[in-house]
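Have a look at input26.txt; it's compact mmCIF, N, CA and C atoms:
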# COMPACT_ATOMS: atom_id res chain seq x y z
N MET J 9 105.58 255.02 24.39
CA MET J 9 104.87 256.23 24.04
C MET J 9 104.22 256.05 22.68
N LEU J 10 102.97 256.35 22.60
CA LEU J 10 102.23 256.22 21.37
C LEU J 10 102.66 257.29 20.36
N GLY J 11 103.00 256.89 19.15
CA GLY J 11 103.36 257.85 18.10
C GLY J 11 104.71 258.50 18.30
N ALA J 12 105.60 257.90 19.07
CA ALA J 12 106.91 258.50 19.31
C ALA J 12 107.98 257.68 18.63
N THR J 13 109.08 258.31 18.29
CA THR J 13 110.22 257.61 17.72
C THR J 13 111.03 257.04 18.86
N SER J 14 112.11 256.35 18.55
CA SER J 14 112.96 255.77 19.57
C SER J 14 113.63 256.85 20.42
N MET J 15 113.67 258.08 19.94
CA MET J 15 114.28 259.16 20.69
C MET J 15 113.22 259.96 21.45
N GLY J 16 111.96 259.53 21.41
CA GLY J 16 110.91 260.20 22.17
C GLY J 16 110.34 261.44 21.48
N VAL J 17 110.68 261.67 20.24
CA VAL J 17 110.17 262.82 19.50
C VAL J 17 109.00 262.34 18.65
N PRO J 18 107.84 262.98 18.72
CA PRO J 18 106.69 262.54 17.94
C PRO J 18 106.99 262.51 16.44
N HIS J 19 106.39 261.54 15.73
CA HIS J 19 106.58 261.42 14.28
C HIS J 19 106.16 262.69 13.56
N ALA J 20 105.13 263.36 14.02
CA ALA J 20 104.65 264.58 13.37
C ALA J 20 105.73 265.66 13.32
N ALA J 21 106.56 265.74 14.33
CA ALA J 21 107.64 266.74 14.35
C ALA J 21 108.63 266.47 13.22
N HIS J 22 108.92 265.18 12.97
CA HIS J 22 109.84 264.85 11.88
C HIS J 22 109.21 265.14 10.53
N ALA J 23 107.92 264.87 10.38
CA ALA J 23 107.25 265.13 9.11
C ALA J 23 107.26 266.61 8.77
N ALA J 24 107.14 267.49 9.78
CA ALA J 24 107.14 268.93 9.54
C ALA J 24 108.51 269.41 9.06
N ASP J 25 109.58 268.68 9.42
CA ASP J 25 110.93 269.07 9.03
C ASP J 25 111.35 268.44 7.70
N ALA J 26 110.52 267.59 7.13
CA ALA J 26 110.87 266.92 5.89
C ALA J 26 110.77 267.88 4.71
N PRO J 27 111.66 267.74 3.74
CA PRO J 27 111.57 268.61 2.56
C PRO J 27 110.29 268.36 1.77
N LEU J 28 109.77 269.42 1.17
CA LEU J 28 108.61 269.32 0.29
C LEU J 28 109.05 268.96 -1.11
N LYS J 29 108.18 268.31 -1.83
CA LYS J 29 108.39 268.10 -3.26
C LYS J 29 107.59 269.19 -3.96
N CYS J 30 108.29 270.12 -4.59
CA CYS J 30 107.64 271.24 -5.27
C CYS J 30 108.07 271.28 -6.72
N GLN J 31 107.14 271.67 -7.58
CA GLN J 31 107.46 271.83 -8.99
C GLN J 31 106.81 273.09 -9.53
N MET J 32 107.29 273.50 -10.69
CA MET J 32 106.79 274.72 -11.30
C MET J 32 106.50 274.45 -12.77
N ARG J 33 105.37 274.95 -13.23
CA ARG J 33 105.03 274.97 -14.66
C ARG J 33 105.14 276.43 -15.08
N PHE J 34 105.77 276.70 -16.23
CA PHE J 34 106.00 278.10 -16.60
C PHE J 34 106.10 278.29 -18.10
N SER J 35 106.03 279.55 -18.51
CA SER J 35 106.31 279.95 -19.89
C SER J 35 107.17 281.20 -19.83
N LEU J 36 108.03 281.37 -20.82
CA LEU J 36 108.96 282.51 -20.90
C LEU J 36 109.03 283.01 -22.33
N THR J 37 109.21 284.30 -22.48
CA THR J 37 109.50 284.91 -23.78
C THR J 37 110.68 285.84 -23.59
N GLY J 38 111.65 285.77 -24.49
CA GLY J 38 112.83 286.60 -24.30
C GLY J 38 113.52 286.97 -25.59
N TRP J 39 114.51 287.80 -25.43
CA TRP J 39 115.35 288.27 -26.52
C TRP J 39 116.75 288.46 -25.99
N ALA J 40 117.70 288.48 -26.87
CA ALA J 40 119.08 288.72 -26.47
C ALA J 40 119.84 289.34 -27.63
N ALA J 41 120.63 290.32 -27.34
CA ALA J 41 121.59 290.92 -28.26
C ALA J 41 122.73 291.38 -27.36
N ILE J 42 123.61 290.49 -27.06
CA ILE J 42 124.68 290.62 -26.07
C ILE J 42 124.10 290.52 -24.67
N TYR J 43 123.04 291.26 -24.38
CA TYR J 43 122.39 291.21 -23.07
C TYR J 43 121.12 290.39 -23.19
N LYS J 44 120.90 289.46 -22.29
CA LYS J 44 119.75 288.56 -22.33
C LYS J 44 118.66 289.05 -21.38
N HIS J 45 117.41 289.02 -21.84
CA HIS J 45 116.28 289.41 -20.99
C HIS J 45 115.07 288.55 -21.35
N ALA J 46 114.39 288.04 -20.35
CA ALA J 46 113.17 287.26 -20.57
C ALA J 46 112.23 287.47 -19.40
N GLU J 47 110.95 287.39 -19.68
CA GLU J 47 109.93 287.46 -18.64
C GLU J 47 108.91 286.37 -18.88
N GLY J 48 108.30 285.95 -17.81
CA GLY J 48 107.27 284.93 -17.93
C GLY J 48 106.52 284.77 -16.63
N SER J 49 105.70 283.76 -16.61
CA SER J 49 104.91 283.48 -15.42
C SER J 49 104.77 281.98 -15.26
N GLY J 50 104.34 281.60 -14.07
CA GLY J 50 104.15 280.19 -13.80
C GLY J 50 103.40 279.98 -12.51
N VAL J 51 103.29 278.72 -12.15
CA VAL J 51 102.64 278.33 -10.90
C VAL J 51 103.52 277.28 -10.23
N VAL J 52 103.80 277.50 -8.94
CA VAL J 52 104.54 276.53 -8.14
C VAL J 52 103.52 275.76 -7.32
N THR J 53 103.62 274.43 -7.32
CA THR J 53 102.77 273.59 -6.50
C THR J 53 103.64 272.63 -5.71
N CYS J 54 103.21 272.34 -4.49
CA CYS J 54 103.96 271.43 -3.62
C CYS J 54 103.07 270.27 -3.19
N ASP J 55 103.71 269.19 -2.77
CA ASP J 55 102.97 267.99 -2.40
C ASP J 55 102.14 268.15 -1.12
N ASN J 56 102.30 269.27 -0.40
CA ASN J 56 101.47 269.51 0.79
C ASN J 56 100.19 270.28 0.43
N GLY J 57 99.96 270.51 -0.88
CA GLY J 57 98.77 271.22 -1.34
C GLY J 57 98.97 272.70 -1.55
N ALA J 58 100.11 273.25 -1.16
CA ALA J 58 100.38 274.68 -1.33
C ALA J 58 100.58 274.99 -2.81
N SER J 59 100.11 276.17 -3.23
CA SER J 59 100.22 276.62 -4.61
C SER J 59 100.45 278.12 -4.62
N MET J 60 101.27 278.62 -5.56
CA MET J 60 101.57 280.05 -5.63
C MET J 60 101.84 280.46 -7.08
N PRO J 61 101.09 281.46 -7.60
CA PRO J 61 101.42 282.00 -8.92
C PRO J 61 102.69 282.85 -8.81
N VAL J 62 103.57 282.74 -9.81
CA VAL J 62 104.85 283.44 -9.75
C VAL J 62 105.15 284.18 -11.05
N LYS J 63 106.00 285.19 -10.92
CA LYS J 63 106.55 285.93 -12.05
C LYS J 63 108.00 285.50 -12.18
N ILE J 64 108.47 285.35 -13.42
CA ILE J 64 109.85 284.92 -13.67
C ILE J 64 110.54 285.99 -14.51
N THR J 65 111.74 286.36 -14.09
CA THR J 65 112.56 287.31 -14.84
C THR J 65 113.94 286.69 -15.02
N VAL J 66 114.46 286.73 -16.24
CA VAL J 66 115.80 286.22 -16.53
C VAL J 66 116.61 287.38 -17.08
N LYS J 67 117.77 287.62 -16.47
CA LYS J 67 118.68 288.67 -16.94
C LYS J 67 120.08 288.11 -16.97
N GLY J 68 120.84 288.54 -17.96
CA GLY J 68 122.22 288.08 -18.03
C GLY J 68 122.96 288.70 -19.19
N GLY J 69 124.16 288.26 -19.36
CA GLY J 69 124.99 288.76 -20.44
C GLY J 69 125.80 287.63 -21.01
N GLY J 70 126.66 287.93 -21.92
CA GLY J 70 127.48 286.91 -22.53
C GLY J 70 127.35 286.94 -24.04
N LEU J 71 127.92 285.96 -24.68
CA LEU J 71 127.88 285.88 -26.14
C LEU J 71 126.61 285.17 -26.54
N THR J 72 125.55 285.91 -26.75
CA THR J 72 124.28 285.30 -27.10
C THR J 72 123.47 286.26 -27.97
N ALA J 73 122.64 285.72 -28.84
CA ALA J 73 121.80 286.56 -29.69
C ALA J 73 120.57 285.77 -30.11
N GLY J 74 119.44 286.45 -30.22
CA GLY J 74 118.25 285.81 -30.74
C GLY J 74 116.99 286.17 -29.99
N LYS J 75 115.87 285.66 -30.50
CA LYS J 75 114.57 285.78 -29.85
C LYS J 75 114.05 284.38 -29.64
N TRP J 76 113.32 284.15 -28.56
CA TRP J 76 112.88 282.81 -28.26
C TRP J 76 111.72 282.82 -27.27
N HIS J 77 111.08 281.67 -27.13
CA HIS J 77 110.08 281.49 -26.09
C HIS J 77 110.05 280.04 -25.67
N VAL J 78 109.68 279.82 -24.43
CA VAL J 78 109.54 278.48 -23.86
C VAL J 78 108.09 278.31 -23.46
N ASP J 79 107.47 277.25 -23.93
CA ASP J 79 106.11 276.91 -23.55
C ASP J 79 106.14 275.62 -22.76
N ASN J 80 105.23 275.48 -21.84
CA ASN J 80 105.11 274.25 -21.06
C ASN J 80 106.42 273.86 -20.37
N GLY J 81 107.12 274.87 -19.85
CA GLY J 81 108.34 274.61 -19.11
C GLY J 81 108.03 273.94 -17.78
N LYS J 82 108.96 273.15 -17.30
CA LYS J 82 108.79 272.43 -16.03
C LYS J 82 110.03 272.63 -15.19
N GLY J 83 109.83 272.80 -13.91
CA GLY J 83 110.94 272.91 -12.98
C GLY J 83 110.68 272.08 -11.75
N LYS J 84 111.73 271.49 -11.20
CA LYS J 84 111.62 270.73 -9.95
C LYS J 84 112.60 271.32 -8.95
N PHE J 85 112.10 271.59 -7.76
CA PHE J 85 112.91 272.18 -6.70
C PHE J 85 113.40 271.09 -5.74
N SER J 86 114.54 271.33 -5.14
CA SER J 86 115.03 270.46 -4.07
C SER J 86 115.37 271.32 -2.87
N HIS J 87 115.33 270.73 -1.70
CA HIS J 87 115.64 271.38 -0.43
C HIS J 87 114.66 272.51 -0.11
N ILE J 88 113.35 272.27 -0.32
CA ILE J 88 112.29 273.23 -0.02
C ILE J 88 111.56 272.76 1.23
N TYR J 89 111.38 273.65 2.20
CA TYR J 89 110.67 273.30 3.44
C TYR J 89 109.36 274.07 3.58
N LYS J 90 109.23 275.19 2.85
CA LYS J 90 107.97 275.93 2.75
C LYS J 90 107.95 276.56 1.37
N ILE J 91 106.76 276.78 0.83
CA ILE J 91 106.65 277.22 -0.57
C ILE J 91 107.40 278.52 -0.83
N SER J 92 107.49 279.40 0.15
CA SER J 92 108.19 280.67 -0.06
C SER J 92 109.70 280.48 -0.25
N ASP J 93 110.24 279.30 0.06
CA ASP J 93 111.66 279.02 -0.18
C ASP J 93 112.02 279.09 -1.67
N VAL J 94 111.02 278.98 -2.55
CA VAL J 94 111.32 279.00 -4.00
C VAL J 94 111.60 280.41 -4.50
N LEU J 95 111.19 281.43 -3.75
CA LEU J 95 111.35 282.82 -4.18
C LEU J 95 112.80 283.27 -4.11
N GLY J 96 113.22 284.12 -5.05
CA GLY J 96 114.57 284.68 -5.03
C GLY J 96 115.28 284.50 -6.36
N SER J 97 116.56 284.83 -6.37
CA SER J 97 117.38 284.75 -7.59
C SER J 97 118.28 283.53 -7.56
N TYR J 98 118.26 282.82 -8.65
CA TYR J 98 119.07 281.62 -8.82
C TYR J 98 120.20 281.92 -9.78
N ALA J 99 121.39 281.38 -9.49
CA ALA J 99 122.54 281.52 -10.39
C ALA J 99 122.33 280.60 -11.57
N GLN J 100 122.67 281.10 -12.74
CA GLN J 100 122.42 280.36 -13.97
C GLN J 100 123.70 280.30 -14.78
N ALA J 101 123.98 279.17 -15.34
CA ALA J 101 125.08 279.02 -16.28
C ALA J 101 124.65 277.98 -17.29
N GLY J 102 124.78 278.28 -18.56
CA GLY J 102 124.34 277.31 -19.55
C GLY J 102 124.98 277.56 -20.89
N ALA J 103 124.96 276.53 -21.71
CA ALA J 103 125.40 276.65 -23.10
C ALA J 103 124.25 276.11 -23.93
N HIS J 104 123.94 276.79 -25.01
CA HIS J 104 122.81 276.36 -25.83
C HIS J 104 123.02 276.74 -27.29
N ALA J 105 122.36 276.02 -28.14
CA ALA J 105 122.36 276.36 -29.57
C ALA J 105 121.10 275.78 -30.16
N GLY J 106 120.42 276.54 -30.98
CA GLY J 106 119.21 276.01 -31.59
C GLY J 106 118.70 276.92 -32.68
N VAL J 107 117.98 276.34 -33.62
CA VAL J 107 117.33 277.09 -34.68
C VAL J 107 115.92 276.55 -34.81
N VAL J 108 114.94 277.42 -34.82
CA VAL J 108 113.52 277.12 -34.94
C VAL J 108 112.99 276.40 -33.71
N LYS J 109 113.30 275.13 -33.51
CA LYS J 109 112.84 274.44 -32.31
C LYS J 109 114.06 274.01 -31.52
N SER J 110 114.03 274.25 -30.22
CA SER J 110 115.17 273.84 -29.41
C SER J 110 114.69 273.36 -28.06
N GLY J 111 115.47 272.53 -27.43
CA GLY J 111 115.20 272.06 -26.09
C GLY J 111 116.33 272.51 -25.20
N ASP J 112 116.03 272.78 -23.96
CA ASP J 112 117.04 273.27 -23.04
C ASP J 112 116.78 272.66 -21.68
N ALA J 113 117.80 272.28 -20.98
CA ALA J 113 117.68 271.78 -19.62
C ALA J 113 118.88 272.30 -18.84
N GLN J 114 118.64 272.77 -17.62
CA GLN J 114 119.73 273.26 -16.81
C GLN J 114 119.35 273.23 -15.34
N VAL J 115 120.35 273.28 -14.49
CA VAL J 115 120.15 273.31 -13.05
C VAL J 115 120.63 274.66 -12.54
N LEU J 116 119.78 275.30 -11.73
CA LEU J 116 120.09 276.59 -11.13
C LEU J 116 120.17 276.41 -9.62
N THR J 117 120.93 277.28 -8.94
CA THR J 117 121.05 277.16 -7.49
C THR J 117 120.84 278.50 -6.81
N LYS J 118 120.33 278.41 -5.57
CA LYS J 118 120.14 279.57 -4.70
C LYS J 118 120.42 279.05 -3.29
N GLY J 119 121.63 279.27 -2.80
CA GLY J 119 122.00 278.69 -1.51
C GLY J 119 121.94 277.18 -1.60
N THR J 120 121.17 276.56 -0.70
CA THR J 120 121.04 275.10 -0.73
C THR J 120 119.90 274.63 -1.63
N VAL J 121 119.10 275.57 -2.13
CA VAL J 121 117.97 275.22 -2.99
C VAL J 121 118.44 275.07 -4.43
N SER J 122 118.00 274.01 -5.09
CA SER J 122 118.30 273.79 -6.51
C SER J 122 117.00 273.75 -7.29
N LEU J 123 117.08 274.19 -8.53
CA LEU J 123 115.94 274.17 -9.43
C LEU J 123 116.41 273.57 -10.75
N ALA J 124 115.85 272.42 -11.11
CA ALA J 124 116.15 271.78 -12.39
C ALA J 124 115.06 272.18 -13.37
N LEU J 125 115.44 272.83 -14.46
CA LEU J 125 114.50 273.33 -15.46
C LEU J 125 114.58 272.52 -16.74
N ALA J 126 113.44 272.33 -17.37
CA ALA J 126 113.39 271.70 -18.68
C ALA J 126 112.24 272.34 -19.45
N GLY J 127 112.41 272.47 -20.74
CA GLY J 127 111.34 273.03 -21.54
C GLY J 127 111.70 272.98 -23.01
N THR J 128 110.70 273.18 -23.84
CA THR J 128 110.92 273.27 -25.28
C THR J 128 110.36 274.58 -25.76
N GLY J 129 110.89 275.05 -26.86
CA GLY J 129 110.41 276.32 -27.35
C GLY J 129 110.76 276.52 -28.80
N GLN J 130 110.52 277.73 -29.27
CA GLN J 130 110.82 278.08 -30.64
C GLN J 130 111.60 279.38 -30.65
N GLY J 131 112.41 279.53 -31.66
CA GLY J 131 113.18 280.75 -31.81
C GLY J 131 114.54 280.46 -32.36
N VAL J 132 115.38 281.44 -32.35
CA VAL J 132 116.75 281.31 -32.80
C VAL J 132 117.63 281.82 -31.68
N ASP J 133 118.54 281.00 -31.24
CA ASP J 133 119.47 281.45 -30.21
C ASP J 133 120.77 280.69 -30.35
N LEU J 134 121.84 281.32 -29.93
CA LEU J 134 123.15 280.72 -30.03
C LEU J 134 124.04 281.41 -29.02
N GLY J 135 124.71 280.65 -28.16
CA GLY J 135 125.66 281.32 -27.29
C GLY J 135 125.89 280.65 -25.97
N ILE J 136 126.68 281.32 -25.18
CA ILE J 136 126.99 280.92 -23.81
C ILE J 136 126.64 282.11 -22.94
N ASP J 137 125.91 281.88 -21.88
CA ASP J 137 125.49 283.01 -21.06
C ASP J 137 125.47 282.65 -19.58
N VAL J 138 125.55 283.65 -18.76
CA VAL J 138 125.38 283.50 -17.33
C VAL J 138 124.46 284.62 -16.88
N GLY J 139 123.74 284.40 -15.82
CA GLY J 139 122.83 285.44 -15.38
C GLY J 139 122.03 285.01 -14.18
N ALA J 140 120.93 285.70 -13.97
CA ALA J 140 120.06 285.43 -12.83
C ALA J 140 118.68 285.04 -13.31
N PHE J 141 118.13 284.03 -12.71
CA PHE J 141 116.78 283.55 -12.95
C PHE J 141 116.03 283.86 -11.65
N THR J 142 115.13 284.86 -11.69
CA THR J 142 114.48 285.33 -10.47
C THR J 142 113.01 284.95 -10.46
N ILE J 143 112.58 284.39 -9.34
CA ILE J 143 111.19 284.02 -9.12
C ILE J 143 110.64 284.91 -8.02
N SER J 144 109.52 285.60 -8.32
CA SER J 144 108.87 286.46 -7.32
C SER J 144 107.37 286.17 -7.31
N ARG J 145 106.70 286.61 -6.24
CA ARG J 145 105.24 286.44 -6.17
C ARG J 145 104.59 287.26 -7.26
N LYS J 146 103.53 286.72 -7.84
CA LYS J 146 102.81 287.43 -8.90
C LYS J 146 101.70 288.27 -8.28

If you took the structure in this file and wrote it as structure tokens, what would it be?
Amino acid sequence: MLGATSMGVPHAAHAADAPLKCQMRFSLTGWAAIYKHAEGSGVVTCDNGASMPVKITVKGGGLTAGKWHVDNGKGKFSHIYKISDVLGSYAQAGAHAGVVKSGDAQVLTKGTVSLALAGTGQGVDLGIDVGAFTISRK
């Protein structure tokens, strides 16, 4: 059979089931005084050509204080099969400390989907926090 695998299933069927490589570029601005809050925006792009502008909201609590912003943030998703899989709330846990300029990297999860975030920013922050990192359509 032309274009079939050893099991008789066309190669195109397997390609449609393959995970996408998707990434996000974003910026965030936030503040914290016991309760953490940040908002931002970004764009998710995938290797199949799909693109989606997104809104980002971060909420949480814990021992944290300060004002900060992240510019030129980058995120990489795993276990994505369609671009809409990136939408929703991710569990967040992190420890950070910084004055003036700081770098932060962390991995967030939502079911089987993972999001690895990295970015640099400016501000003052100190603490340990947990919360939700939510991505929605813009």

*asked:* Let me make sure I understand: among J:Ser49, J:Lys44, J:Val121, J:Lys84, which one has the smallest atom-to-atom distance to Gln31 of chain J if we use all atoms listed in the file?
replied: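 For Gln31 of chain J, the nearest of the candidates is J:Lys84.
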
*What does the distance between atom CA of Asp55 of chain J and atom CA of Arg145 of chain J come to in Å, to one decimal place?*
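So the answer is 19.0 Å.
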
_Under the rule that all atoms listed in the file are counted, which of J:Ile143, J:Ala58, J:Leu28, J:Leu125 is the nearest residue to Val94 of chain J?_
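Smallest separation from Val94 of chain J among the options: J:Ile143.
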
_Residues near Val78 of chain J, anyone? I mean within 7 Å using all atoms listed in the file, not counting same-chain ones fewer than 6 positions away, as a PyMOL selection string._
chain J and resi 34-38+127-130

*What is the atom CA of Ser92 of chain J to atom N of Val66 of chain J distance in Å?*
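Computing the Euclidean distance for atom CA of Ser92 of chain J and atom N of Val66 of chain J yields 18.4 Å.
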
*For atom C of Leu116 of chain J and atom C of Asp25 of chain J, determine how far apart the two atoms are, in Å to one decimal place.*
21.0 Å

Counting only N, CA and C atoms, what is within 6.5 Å of Gly96 of chain J, bar same-chain residues fewer than 2 positions away, as a compact mmCIF listing (two decimals) with N, CA and C atoms, in the frame of the given file?
# COMPACT_ATOMS: atom_id res chain seq x y z
N ASP J 93 110.24 279.30 0.06
CA ASP J 93 111.66 279.02 -0.18
C ASP J 93 112.02 279.09 -1.67
N VAL J 94 111.02 278.98 -2.55
CA VAL J 94 111.32 279.00 -4.00
C VAL J 94 111.60 280.41 -4.50
N TYR J 98 118.26 282.82 -8.65
CA TYR J 98 119.07 281.62 -8.82
C TYR J 98 120.20 281.92 -9.78
N PHE J 141 118.13 284.03 -12.71
CA PHE J 141 116.78 283.55 -12.95
C PHE J 141 116.03 283.86 -11.65
N THR J 142 115.13 284.86 -11.69
CA THR J 142 114.48 285.33 -10.47
C THR J 142 113.01 284.95 -10.46
N ILE J 143 112.58 284.39 -9.34
CA ILE J 143 111.19 284.02 -9.12
C ILE J 143 110.64 284.91 -8.02
N SER J 144 109.52 285.60 -8.32
CA SER J 144 108.87 286.46 -7.32
C SER J 144 107.37 286.17 -7.31

*Write out as a PyMOL selection string which residues come within 8 Å of Gly50 of chain J when counting only C-alpha atoms, dropping same-chain ones fewer than 5 positions away.*
chain J and resi 32-35+61-64
